[in-house]
$ cat structure-v9.txt   # compact mmCIF, C-alpha atoms
# COMPACT_ATOMS: atom_id res chain seq x y z
CA MET D 1 0.00 0.00 0.00
CA SER D 2 1.48 3.26 -1.04
CA PRO D 3 1.86 5.84 1.71
CA LYS D 4 -0.78 8.52 1.87
CA PRO D 5 0.59 11.79 0.51
CA THR D 6 1.11 14.39 3.19
CA GLU D 7 -1.22 17.36 3.01
CA LYS D 8 0.58 20.63 2.34
CA ARG D 9 -0.55 23.36 4.69
CA THR D 10 -0.22 27.01 3.91
CA SER D 11 0.04 29.41 6.81
CA ARG D 12 -2.47 32.20 6.46
CA PRO D 13 -1.11 35.50 7.83
CA THR D 14 -3.04 36.76 10.80
CA PRO D 15 -3.58 40.38 11.85
CA GLY D 16 -0.68 41.90 13.78
CA ASN D 17 2.19 39.93 12.20
CA TRP D 18 2.90 41.98 9.06
CA GLN D 19 6.52 42.46 10.06
CA GLN D 20 6.96 38.68 10.50
CA MET D 21 5.83 37.75 6.95
CA ASN D 22 8.27 36.83 4.22
CA ARG D 23 8.34 38.67 0.91
CA LYS D 24 5.92 36.32 -0.86
CA GLN D 25 3.38 36.52 1.95
CA ARG D 26 3.56 40.30 2.00
CA ARG D 27 2.97 40.51 -1.76
CA GLU D 28 -0.08 38.28 -1.41
CA MET D 29 -1.39 40.27 1.53
CA THR D 30 -0.81 43.52 -0.38
CA ARG D 31 -2.78 42.17 -3.35
CA LYS D 32 -5.70 41.24 -1.09
CA ILE D 33 -5.74 44.58 0.67
CA GLN D 34 -5.55 46.56 -2.56
CA SER D 35 -8.37 44.52 -4.07
CA GLY D 36 -10.51 44.90 -0.96
CA ASP D 37 -10.63 41.12 -0.38
CA ILE D 38 -13.45 40.52 2.09
CA CYS D 39 -11.74 37.45 3.57
CA LEU D 40 -9.49 39.74 5.59
CA GLU D 41 -10.84 40.31 9.08
CA VAL D 42 -11.67 43.92 9.91
CA VAL D 43 -10.19 44.73 13.32
CA HIS D 44 -10.60 48.50 13.40
CA ALA D 45 -13.69 49.50 11.43
CA ASP D 46 -13.41 53.18 12.35
CA ALA D 47 -9.77 53.64 11.36
CA ALA D 48 -7.90 56.45 9.64
CA GLY D 49 -4.33 56.88 8.41
CA ILE D 50 -2.10 59.96 8.51
CA ASP D 51 1.02 60.56 6.46
CA ILE D 52 3.15 62.85 8.63
CA GLY D 53 5.23 65.62 7.04
CA ASN D 54 7.20 68.62 8.25
CA GLU D 55 4.80 71.13 6.61
CA THR D 56 1.64 69.20 5.73
CA HIS D 57 -0.16 66.04 6.84
CA TYR D 58 -2.37 63.88 4.61
CA VAL D 59 -5.28 62.15 6.36
CA ALA D 60 -7.26 59.26 4.86
CA VAL D 61 -10.60 57.92 6.11
CA PRO D 62 -12.82 55.17 4.60
CA PRO D 63 -14.47 56.33 1.34
CA THR D 64 -17.93 55.87 2.87
CA ARG D 65 -17.28 58.43 5.60
CA ASP D 66 -16.78 61.56 3.46
CA SER D 67 -17.09 62.70 -0.12
CA GLN D 68 -13.42 63.71 0.07
CA PRO D 69 -11.85 60.75 1.92
CA VAL D 70 -8.29 62.15 1.80
CA ARG D 71 -7.62 65.64 3.06
CA ARG D 72 -4.52 67.76 3.47
CA PHE D 73 -3.87 69.71 6.68
CA GLY D 74 -1.11 72.11 7.63
CA CYS D 75 1.08 71.79 10.71
CA THR D 76 -0.24 74.76 12.70
CA THR D 77 -2.16 74.12 15.90
CA ALA D 78 -5.39 75.53 14.46
CA GLU D 79 -5.21 73.18 11.46
CA LEU D 80 -4.40 70.19 13.66
CA LYS D 81 -7.50 70.93 15.71
CA GLU D 82 -9.49 71.13 12.46
CA MET D 83 -8.10 67.69 11.62
CA ALA D 84 -9.34 66.29 14.92
CA VAL D 85 -12.80 67.82 14.41
CA TRP D 86 -13.04 66.36 10.89
CA LEU D 87 -12.00 62.90 12.09
CA LYS D 88 -14.65 63.02 14.81
CA GLN D 89 -17.26 64.09 12.22
CA CYS D 90 -16.27 61.05 10.15
CA ALA D 91 -16.91 58.82 13.21
CA ILE D 92 -13.23 57.83 13.38
CA ARG D 93 -12.13 56.25 16.64
CA THR D 94 -8.54 55.20 15.98
CA VAL D 95 -5.76 56.70 13.86
CA ALA D 96 -2.44 55.26 12.63
CA MET D 97 0.61 57.34 11.76
CA GLN D 98 4.33 56.82 11.41
CA SER D 99 6.92 58.10 13.87
CA THR D 100 8.51 60.58 11.46
CA GLY D 101 11.16 62.68 13.20
CA VAL D 102 9.52 64.82 15.87
CA TYR D 103 6.77 66.11 13.58
CA TRP D 104 4.31 63.48 14.84
CA ILE D 105 4.40 64.67 18.47
CA ALA D 106 2.09 67.67 18.07
CA VAL D 107 -0.36 65.64 15.98
CA TYR D 108 -0.34 62.83 18.52
CA ASP D 109 -0.99 65.14 21.46
CA ILE D 110 -3.89 67.00 19.85
CA LEU D 111 -5.60 63.83 18.59
CA GLU D 112 -5.14 62.18 21.97
CA GLN D 113 -6.68 65.21 23.69
CA ALA D 114 -9.63 64.95 21.29
CA GLY D 115 -10.32 61.42 22.58
CA LEU D 116 -8.98 59.47 19.59
CA GLU D 117 -6.90 56.33 19.98
CA VAL D 118 -3.60 56.98 18.24
CA TYR D 119 -1.34 54.22 16.92
CA LEU D 120 2.27 55.27 16.51
CA VAL D 121 3.89 52.75 14.17
CA ASN D 122 7.40 52.06 12.97
CA ALA D 123 7.97 53.04 9.34
CA ARG D 124 9.80 49.75 8.73
CA ASP D 125 6.52 47.87 9.22
CA THR D 126 4.69 49.84 6.51
CA LYS D 127 7.19 50.44 3.71
CA ASN D 128 6.61 47.29 1.64
CA LEU D 129 3.81 48.46 -0.65
CA PRO D 130 5.11 48.11 -4.26
CA GLY D 131 4.97 51.30 -6.29
CA ARG D 132 3.73 53.52 -3.47
CA LYS D 133 4.77 57.05 -4.41
CA SER D 134 2.47 59.79 -3.22
CA ASP D 135 1.54 61.06 0.24
CA VAL D 136 -2.12 60.32 -0.55
CA GLN D 137 -1.36 56.65 -1.21
CA GLU D 138 0.78 56.51 1.94
CA SER D 139 -2.08 57.71 4.13
CA GLN D 140 -4.52 55.29 2.47
CA TRP D 141 -2.09 52.41 2.92
CA LEU D 142 -1.73 53.18 6.62
CA MET D 143 -5.52 53.31 6.96
CA LYS D 144 -5.94 49.91 5.29
CA LEU D 145 -3.20 48.22 7.32
CA HIS D 146 -4.68 49.61 10.51
CA THR D 147 -8.20 48.59 9.50
CA TYR D 148 -7.09 44.96 9.24
CA GLY D 149 -5.07 45.10 12.46
CA LEU D 150 -1.68 44.66 10.80
CA LEU D 151 0.11 47.44 12.69
CA ARG D 152 1.72 47.32 16.10
CA ASN D 153 1.36 50.30 18.38
CA SER D 154 4.56 51.76 19.78
CA PHE D 155 4.86 52.34 23.50
CA ARG D 156 4.53 55.93 24.66
CA PRO D 157 4.58 56.74 28.38
CA SER D 158 2.09 58.98 30.13
CA GLN D 159 2.46 62.76 30.21
CA GLU D 160 3.74 62.56 33.79
CA ILE D 161 6.64 60.36 32.68
CA ARG D 162 7.26 62.32 29.49
CA THR D 163 7.76 65.51 31.50
CA MET D 164 10.29 63.83 33.74
CA ARG D 165 11.99 62.33 30.68
CA THR D 166 12.39 65.78 29.10
CA TYR D 167 14.16 67.14 32.18
CA TRP D 168 16.39 64.06 32.49
CA ARG D 169 17.36 63.95 28.81
CA GLN D 170 18.26 67.64 28.92
CA ARG D 171 20.47 66.99 31.93
CA ASN D 172 22.20 64.06 30.20
CA ASP D 173 22.88 66.26 27.16
CA LEU D 174 24.52 68.82 29.46
CA VAL D 175 26.66 66.10 31.07
CA GLN D 176 27.90 65.04 27.64
CA SER D 177 28.56 68.65 26.62
CA ALA D 178 30.55 69.22 29.83
CA GLY D 179 32.61 66.14 29.04
CA ARG D 180 33.48 67.50 25.59
CA TYR D 181 34.60 70.80 27.14
CA ILE D 182 36.89 68.86 29.49
CA GLN D 183 38.39 66.94 26.57
CA ARG D 184 39.17 70.16 24.70
CA MET D 185 40.69 71.66 27.86
CA GLN D 186 42.97 68.64 28.14
CA LYS D 187 43.92 69.04 24.48
CA ALA D 188 44.87 72.70 24.96
CA LEU D 189 46.92 71.84 28.06
CA THR D 190 48.72 69.02 26.25
CA GLN D 191 49.56 71.30 23.33
CA MET D 192 51.27 73.60 25.85
CA ASN D 193 52.98 70.50 27.34
CA ILE D 194 51.08 70.85 30.60
CA GLN D 195 50.83 67.17 31.53
CA LEU D 196 48.14 67.64 34.14
CA ALA D 197 46.12 64.63 32.93
CA ASN D 198 49.08 62.35 33.70
CA VAL D 199 49.09 63.17 37.41
CA LEU D 200 45.38 63.75 38.00
CA SER D 201 42.70 61.18 37.19
CA ASP D 202 40.17 63.93 36.50
CA VAL D 203 41.01 67.54 35.64
CA SER D 204 37.41 68.46 36.45
CA GLY D 205 38.00 67.58 40.11
CA MET D 206 38.86 70.01 42.91
CA THR D 207 42.63 70.01 42.29
CA GLY D 208 42.39 70.18 38.52
CA GLN D 209 39.87 72.99 38.54
CA ALA D 210 41.82 74.97 41.12
CA ILE D 211 45.01 74.72 39.04
CA ILE D 212 43.28 75.61 35.76
CA LYS D 213 41.58 78.64 37.30
CA ALA D 214 44.91 79.80 38.74
CA ILE D 215 46.55 79.43 35.31
CA LEU D 216 43.78 81.48 33.71
CA ALA D 217 44.22 84.09 36.46
CA GLY D 218 47.86 84.53 35.39
CA GLU D 219 49.82 82.18 37.65
CA ARG D 220 52.72 80.46 35.85
CA ASP D 221 54.96 79.25 38.71
CA PRO D 222 54.72 75.40 38.79
CA LEU D 223 55.47 75.27 42.52
CA LYS D 224 52.70 77.69 43.40
CA LEU D 225 50.28 75.89 41.10
CA ALA D 226 51.15 72.56 42.73
CA GLU D 227 50.16 73.99 46.13
CA PHE D 228 46.51 73.68 45.06
CA ARG D 229 46.90 69.89 45.40
CA ASP D 230 44.17 68.27 47.47
CA LYS D 231 45.42 65.90 50.17
CA ARG D 232 43.51 63.01 48.57
CA VAL D 233 45.57 63.22 45.37
CA LYS D 234 48.18 60.44 45.23
CA ALA D 235 50.76 62.41 43.26
CA SER D 236 53.04 64.63 45.36
CA GLU D 237 53.41 68.38 44.90
CA GLU D 238 56.85 67.84 43.37
CA VAL D 239 55.49 65.47 40.73
CA ILE D 240 52.61 67.84 39.96
CA ALA D 241 54.99 70.81 39.72
CA ARG D 242 57.15 68.99 37.12
CA SER D 243 54.06 68.29 35.01
CA LEU D 244 53.19 72.01 35.06
CA GLU D 245 56.40 73.22 33.42
CA GLY D 246 54.85 74.08 30.08
CA ASN D 247 55.21 76.20 27.01
CA TRP D 248 52.69 78.96 27.61
CA GLN D 249 51.02 80.25 24.44
CA GLU D 250 48.49 83.06 24.34
CA ASP D 251 46.31 81.48 21.67
CA LEU D 252 46.02 78.19 23.56
CA LEU D 253 45.40 80.02 26.83
CA PHE D 254 42.54 81.80 25.08
CA VAL D 255 41.13 78.42 24.00
CA LEU D 256 41.54 77.10 27.54
CA GLN D 257 39.61 80.07 28.91
CA GLN D 258 36.80 79.54 26.39
CA GLU D 259 36.50 75.85 27.20
CA GLN D 260 36.57 76.52 30.95
CA ASP D 261 33.77 79.07 30.57
CA GLY D 262 31.74 76.55 28.57
CA TYR D 263 32.30 73.87 31.20
CA GLU D 264 31.21 76.16 34.03
CA PHE D 265 28.12 77.18 32.04
CA CYS D 266 27.15 73.51 31.67
CA GLN D 267 27.60 73.02 35.40
CA ARG D 268 25.24 75.91 36.13
CA GLN D 269 22.69 74.55 33.68
CA MET D 270 22.92 71.10 35.29
CA ALA D 271 22.28 72.67 38.69
CA GLU D 272 19.12 74.30 37.30
CA CYS D 273 18.00 70.94 35.90
CA ASP D 274 18.58 69.32 39.29
CA GLN D 275 16.48 71.98 40.96
CA ARG D 276 13.65 71.52 38.46
CA ILE D 277 13.74 67.69 38.75
CA GLU D 278 13.70 67.89 42.53
CA GLN D 279 10.68 70.21 42.47
CA TYR D 280 8.89 67.99 39.97
CA LEU D 281 9.43 64.82 42.01
CA GLU D 282 8.23 66.55 45.18
CA GLY D 283 5.04 67.59 43.39
CA ARG D 284 4.12 64.04 42.32
CA GLU D 285 1.76 61.74 44.14
CA ASP D 286 3.34 59.97 47.12
CA ARG D 287 3.18 56.25 46.32
CA SER D 288 5.39 55.10 49.19
CA ALA D 289 2.30 54.55 51.41
CA GLY D 290 4.20 55.90 54.38
CA ALA D 291 7.05 53.39 54.06
CA SER D 292 10.57 54.53 54.87
CA LEU D 293 13.42 54.40 52.37
CA PRO D 294 15.71 51.42 53.11
CA GLU D 295 19.09 52.48 54.42
CA GLU D 296 22.00 51.95 52.03
CA THR D 297 24.59 49.74 53.73
CA ARG D 298 26.57 48.42 50.77
CA LYS D 299 30.12 49.73 50.96
CA GLY D 300 30.53 49.89 47.18
CA ARG D 301 27.56 52.23 46.91
CA LEU D 302 28.58 54.38 49.88
CA LYS D 303 32.13 54.91 48.60
CA LYS D 304 31.15 55.79 45.06
CA LYS D 305 32.21 59.20 43.78
CA ARG D 306 29.52 61.79 43.21
CA GLY D 307 30.72 62.58 39.69
CA ASN D 308 27.79 63.85 37.66
CA LYS D 309 25.13 62.73 40.11
CA PRO D 310 22.35 65.20 40.94
CA ARG D 311 22.89 67.66 43.79
CA PHE D 312 19.93 66.36 45.79
CA ASP D 313 18.69 63.03 47.15
CA LEU D 314 17.40 61.55 43.90
CA ARG D 315 17.00 58.11 45.42
CA LYS D 316 14.57 59.47 48.00
CA GLY D 317 12.58 61.34 45.36
CA LEU D 318 12.23 58.25 43.15
CA PHE D 319 11.17 56.10 46.11
CA ARG D 320 8.47 58.59 47.05
CA MET D 321 7.21 58.78 43.45
CA THR D 322 7.15 55.04 42.73
CA GLY D 323 6.98 53.35 46.15
CA THR D 324 9.87 51.10 45.06
CA ASP D 325 13.63 51.38 45.51
CA LEU D 326 15.12 50.07 42.27
CA THR D 327 18.65 50.66 43.57
CA ARG D 328 18.26 47.55 45.75
CA ILE D 329 18.88 45.59 42.55
CA ASP D 330 22.58 44.87 42.10
CA GLY D 331 23.95 46.71 39.09
CA LEU D 332 21.34 49.48 39.19
CA ASP D 333 22.52 52.73 40.71
CA VAL D 334 20.29 55.74 41.18
CA MET D 335 21.27 57.23 37.79
CA THR D 336 20.30 54.04 35.93
CA ALA D 337 17.08 53.76 37.93
CA MET D 338 16.18 57.33 36.98
CA THR D 339 16.85 56.59 33.30
CA ILE D 340 14.63 53.49 33.37
CA LEU D 341 11.76 55.28 35.11
CA SER D 342 11.99 58.38 32.93
CA GLU D 343 11.85 56.29 29.74
CA ALA D 344 9.42 53.50 30.65
CA GLY D 345 7.67 54.66 33.82
CA TRP D 346 6.80 52.36 36.72
CA ASP D 347 3.67 50.77 35.27
CA MET D 348 5.02 47.63 33.60
CA SER D 349 1.57 46.28 32.66
CA LYS D 350 1.92 47.84 29.18
$ encode --input "structure-v9.txt" --output "structure tokens"
Amino acid sequence: MSPKPTEKRTSRPTPGNWQQMNRKQRREMTRKIQSGDICLEVVHADAAGIDIGNETHYVAVPPTRDSQPVRRFGCTTAELKEMAVWLKQCAIRTVAMQSTGVYWIAVYDILEQAGLEVYLVNARDTKNLPGRKSDVQESQWLMKLHTYGLLRNSFRPSQEIRTMRTYWRQRNDLVQSAGRYIQRMQKALTQMNIQLANVLSDVSGMTGQAIIKAILAGERDPLKLAEFRDKRVKASEEVIARSLEGNWQEDLLFVLQQEQDGYEFCQRQMAECDQRIEQYLEGREDRSAGASLPEETRKGRLKKKRGNKPRFDLRKGLFRMTGTDLTRIDGLDVMTAMTILSEAGWDMSK
């Protein structure tokens, strides 16, 4: 008896896995969507698509909702509000748009305030339509994909977390800028053969800053400059003095002064960010339920240098805001905990 031939099964793509399909499956799915194949399951019947641009946005709704199913709106606030009103008039409940630069943020906020469910999708999941050229076709394609549930929504935290994220990202940018100023200061010193970086681990520390400020004030005597040595520095005054016998040049001293001014400006800006973050955390809801912050007893954490850490008790502020001390996890210091919370929030259900 000959064996029964095995039945060949074809996997039918299901809504939500567009990005997981191979090229052949995507072409077949595209053909069905373009032809309006009724075998596709409608997931979002009241869906619209928006092609985001820097000056104009194209919005597509189902052809049965309006005599002009694709409309063009400008980027001003008044026009975005008109867009939201029109979508509501067309009985649209959910909207899909791509995360194009930062141009989508204003559209997202206004549509969200209008009570619409907004899907923010990755452009990589929507770019496989053959021959798609115009902005009108792009918006219609987004609407169709969203109608059949083929788009994944990107995570976006609540406004409370987004505000904290803005402050924290600004502070991190200032930390990086301050680091670049320090690097250029070291370059100017090295060009004058001031080998300060060879005897000090960090020229932005107390000793390094004291010596640099004295140099900019006009002091050139290596012995007098070495007297600014902090007692915690391992190198002796004699070793530091030898490293300060340089070739002073007016042009490089000018550069050093400029970089020092830039570094101090960044430090002042960081202090303002710290003050704003502290005020913001104090104004949030207290989720600690009266619990006290666990005392830090780990020697490695207690001995850590302050470096670029905030100038207030950030750990206490985060504990009050979230009711959880993430720094109890090994490998997570307060800076990492702040980054996690400012990007993802504390509600992990999403």
$ atom_distance --input "structure-v9.txt" --atom1 "CA of Asp230 in chain D" --atom2 "CA of Arg242 in chain D"
16.6 Å
$ closest_residue --input "structure-v9.txt" --among "D:Lys309, D:Lys88, D:Arg180, D:Arg229" --to "Asp333 in chain D" --atoms "all atoms listed in the file"
D:Lys309
$ residues_around --input "structure-v9.txt" --residues "Leu116 in chain D" --least-positions-apart "4" --cutoff "8 Å" --atoms "all atoms listed in the file" --output "list of chain:residue names"
D:Ile92, D:Arg93, D:Thr94, D:Val95, D:Leu111, D:Glu112
$ atom_distance --input "structure-v9.txt" --atom1 "CA of Lys213 in chain D" --atom2 "CA of Leu225 in chain D"
9.9 Å
$ atom_distance --input "structure-v9.txt" --atom1 "CA of Gln275 in chain D" --atom2 "CA of Asn308 in chain D"
14.3 Å
$ closest_residue --input "structure-v9.txt" --among "D:Glu278, D:Glu343, D:Asp135, D:Glu82" --to "Arg165 in chain D" --atoms "all atoms listed in the file"
D:Glu343
$ closest_residue --input "structure-v9.txt" --among "D:Tyr167, D:Ala123, D:Ser288, D:Asp261" --to "Met338 in chain D" --atoms "only C-alpha atoms"
D:Tyr167
$ closest_residue --input "structure-v9.txt" --among "D:Arg162, D:Ile240, D:Arg298, D:Thr126" --to "Asn198 in chain D" --atoms "all atoms listed in the file"
D:Ile240
$ residues_around --input "structure-v9.txt" --residues "Ile182 in chain D" --least-positions-apart "5" --cutoff "10 Å" --atoms "all atoms listed in the file" --output "ChimeraX atom specification"
/D:176-177,187-188,202-204,256,259-260,262-263
$ write_last_selection --input "structure-v9.txt" --atoms "C-alpha atoms" --output "PDB file, keeping the file's coordinate frame"
ATOM      1  CA  GLN D 176      27.900  65.040  27.640  1.00  0.00           C
ATOM      2  CA  SER D 177      28.560  68.650  26.620  1.00  0.00           C
ATOM      3  CA  LYS D 187      43.920  69.040  24.480  1.00  0.00           C
ATOM      4  CA  ALA D 188      44.870  72.700  24.960  1.00  0.00           C
ATOM      5  CA  ASP D 202      40.170  63.930  36.500  1.00  0.00           C
ATOM      6  CA  VAL D 203      41.010  67.540  35.640  1.00  0.00           C
ATOM      7  CA  SER D 204      37.410  68.460  36.450  1.00  0.00           C
ATOM      8  CA  LEU D 256      41.540  77.100  27.540  1.00  0.00           C
ATOM      9  CA  GLU D 259      36.500  75.850  27.200  1.00  0.00           C
ATOM     10  CA  GLN D 260      36.570  76.520  30.950  1.00  0.00           C
ATOM     11  CA  GLY D 262      31.740  76.550  28.570  1.00  0.00           C
ATOM     12  CA  TYR D 263      32.300  73.870  31.200  1.00  0.00           C
TER      13      TYR D 263
END
$ closest_residue --input "structure-v9.txt" --among "D:Thr166, D:Thr322, D:Thr56, D:Thr336" --to "Met83 in chain D" --atoms "all atoms listed in the file"
D:Thr56
$ closest_residue --input "structure-v9.txt" --among "D:Val175, D:Lys231, D:Arg287, D:Glu282" --to "Phe265 in chain D" --atoms "all atoms listed in the file"
D:Val175
$ build_atoms --input "structure-v9.txt" --residues "range 312-333 of chain D" --atoms "N, CA, C and O atoms" --output "PDB file, in the coordinates of the input"
ATOM      1  N   PHE D 312      20.962  66.577  44.782  1.00  0.00           N
ATOM      2  CA  PHE D 312      19.930  66.360  45.790  1.00  0.00           C
ATOM      3  C   PHE D 312      19.719  64.856  45.934  1.00  0.00           C
ATOM      4  O   PHE D 312      20.314  64.061  45.190  1.00  0.00           O
ATOM      5  N   ASP D 313      18.901  64.451  46.893  1.00  0.00           N
ATOM      6  CA  ASP D 313      18.690  63.030  47.150  1.00  0.00           C
ATOM      7  C   ASP D 313      17.714  62.478  46.114  1.00  0.00           C
ATOM      8  O   ASP D 313      16.509  62.381  46.362  1.00  0.00           O
ATOM      9  N   LEU D 314      18.231  62.078  44.965  1.00  0.00           N
ATOM     10  CA  LEU D 314      17.400  61.550  43.900  1.00  0.00           C
ATOM     11  C   LEU D 314      16.775  60.220  44.284  1.00  0.00           C
ATOM     12  O   LEU D 314      15.619  59.931  43.929  1.00  0.00           O
ATOM     13  N   ARG D 315      17.514  59.417  44.998  1.00  0.00           N
ATOM     14  CA  ARG D 315      17.000  58.110  45.420  1.00  0.00           C
ATOM     15  C   ARG D 315      15.747  58.255  46.267  1.00  0.00           C
ATOM     16  O   ARG D 315      14.757  57.524  46.091  1.00  0.00           O
ATOM     17  N   LYS D 316      15.743  59.216  47.153  1.00  0.00           N
ATOM     18  CA  LYS D 316      14.570  59.470  48.000  1.00  0.00           C
ATOM     19  C   LYS D 316      13.387  59.938  47.170  1.00  0.00           C
ATOM     20  O   LYS D 316      12.240  59.516  47.397  1.00  0.00           O
ATOM     21  N   GLY D 317      13.648  60.832  46.202  1.00  0.00           N
ATOM     22  CA  GLY D 317      12.580  61.340  45.360  1.00  0.00           C
ATOM     23  C   GLY D 317      11.937  60.258  44.510  1.00  0.00           C
ATOM     24  O   GLY D 317      10.710  60.206  44.355  1.00  0.00           O
ATOM     25  N   LEU D 318      12.759  59.344  43.962  1.00  0.00           N
ATOM     26  CA  LEU D 318      12.230  58.250  43.150  1.00  0.00           C
ATOM     27  C   LEU D 318      11.423  57.271  43.998  1.00  0.00           C
ATOM     28  O   LEU D 318      10.402  56.736  43.562  1.00  0.00           O
ATOM     29  N   PHE D 319      11.893  57.014  45.216  1.00  0.00           N
ATOM     30  CA  PHE D 319      11.170  56.100  46.110  1.00  0.00           C
ATOM     31  C   PHE D 319       9.803  56.671  46.465  1.00  0.00           C
ATOM     32  O   PHE D 319       8.800  55.948  46.495  1.00  0.00           O
ATOM     33  N   ARG D 320       9.750  57.964  46.710  1.00  0.00           N
ATOM     34  CA  ARG D 320       8.470  58.590  47.050  1.00  0.00           C
ATOM     35  C   ARG D 320       7.512  58.545  45.855  1.00  0.00           C
ATOM     36  O   ARG D 320       6.307  58.327  46.010  1.00  0.00           O
ATOM     37  N   MET D 321       8.049  58.719  44.646  1.00  0.00           N
ATOM     38  CA  MET D 321       7.210  58.780  43.450  1.00  0.00           C
ATOM     39  C   MET D 321       6.693  57.401  43.042  1.00  0.00           C
ATOM     40  O   MET D 321       5.568  57.272  42.551  1.00  0.00           O
ATOM     41  N   THR D 322       7.508  56.363  43.230  1.00  0.00           N
ATOM     42  CA  THR D 322       7.150  55.040  42.730  1.00  0.00           C
ATOM     43  C   THR D 322       6.778  54.052  43.829  1.00  0.00           C
ATOM     44  O   THR D 322       6.123  53.047  43.550  1.00  0.00           O
ATOM     45  N   GLY D 323       7.219  54.310  45.075  1.00  0.00           N
ATOM     46  CA  GLY D 323       6.980  53.350  46.150  1.00  0.00           C
ATOM     47  C   GLY D 323       7.914  52.166  46.104  1.00  0.00           C
ATOM     48  O   GLY D 323       7.739  51.190  46.846  1.00  0.00           O
ATOM     49  N   THR D 324       8.923  52.210  45.225  1.00  0.00           N
ATOM     50  CA  THR D 324       9.870  51.100  45.060  1.00  0.00           C
ATOM     51  C   THR D 324      11.287  51.661  44.956  1.00  0.00           C
ATOM     52  O   THR D 324      11.502  52.685  44.322  1.00  0.00           O
ATOM     53  N   ASP D 325      12.229  50.980  45.578  1.00  0.00           N
ATOM     54  CA  ASP D 325      13.630  51.380  45.510  1.00  0.00           C
ATOM     55  C   ASP D 325      14.352  50.463  44.540  1.00  0.00           C
ATOM     56  O   ASP D 325      14.783  49.360  44.905  1.00  0.00           O
ATOM     57  N   LEU D 326      14.466  50.899  43.283  1.00  0.00           N
ATOM     58  CA  LEU D 326      15.120  50.070  42.270  1.00  0.00           C
ATOM     59  C   LEU D 326      16.609  49.903  42.514  1.00  0.00           C
ATOM     60  O   LEU D 326      17.219  48.979  41.980  1.00  0.00           O
ATOM     61  N   THR D 327      17.202  50.764  43.321  1.00  0.00           N
ATOM     62  CA  THR D 327      18.650  50.660  43.570  1.00  0.00           C
ATOM     63  C   THR D 327      18.985  49.457  44.432  1.00  0.00           C
ATOM     64  O   THR D 327      20.167  49.149  44.607  1.00  0.00           O
ATOM     65  N   ARG D 328      17.989  48.777  44.987  1.00  0.00           N
ATOM     66  CA  ARG D 328      18.260  47.550  45.750  1.00  0.00           C
ATOM     67  C   ARG D 328      18.705  46.438  44.821  1.00  0.00           C
ATOM     68  O   ARG D 328      19.280  45.445  45.273  1.00  0.00           O
ATOM     69  N   ILE D 329      18.439  46.586  43.528  1.00  0.00           N
ATOM     70  CA  ILE D 329      18.880  45.590  42.550  1.00  0.00           C
ATOM     71  C   ILE D 329      20.358  45.812  42.258  1.00  0.00           C
ATOM     72  O   ILE D 329      20.785  46.917  41.944  1.00  0.00           O
ATOM     73  N   ASP D 330      21.144  44.765  42.377  1.00  0.00           N
ATOM     74  CA  ASP D 330      22.580  44.870  42.100  1.00  0.00           C
ATOM     75  C   ASP D 330      22.796  45.262  40.643  1.00  0.00           C
ATOM     76  O   ASP D 330      22.191  44.694  39.730  1.00  0.00           O
ATOM     77  N   GLY D 331      23.654  46.236  40.434  1.00  0.00           N
ATOM     78  CA  GLY D 331      23.950  46.710  39.090  1.00  0.00           C
ATOM     79  C   GLY D 331      23.139  47.925  38.681  1.00  0.00           C
ATOM     80  O   GLY D 331      23.405  48.510  37.639  1.00  0.00           O
ATOM     81  N   LEU D 332      22.146  48.296  39.484  1.00  0.00           N
ATOM     82  CA  LEU D 332      21.340  49.480  39.190  1.00  0.00           C
ATOM     83  C   LEU D 332      21.646  50.555  40.228  1.00  0.00           C
ATOM     84  O   LEU D 332      21.255  50.423  41.385  1.00  0.00           O
ATOM     85  N   ASP D 333      22.338  51.600  39.811  1.00  0.00           N
ATOM     86  CA  ASP D 333      22.520  52.730  40.710  1.00  0.00           C
ATOM     87  C   ASP D 333      21.382  53.713  40.499  1.00  0.00           C
ATOM     88  O   ASP D 333      20.486  53.489  39.696  1.00  0.00           O
TER      89      ASP D 333
END
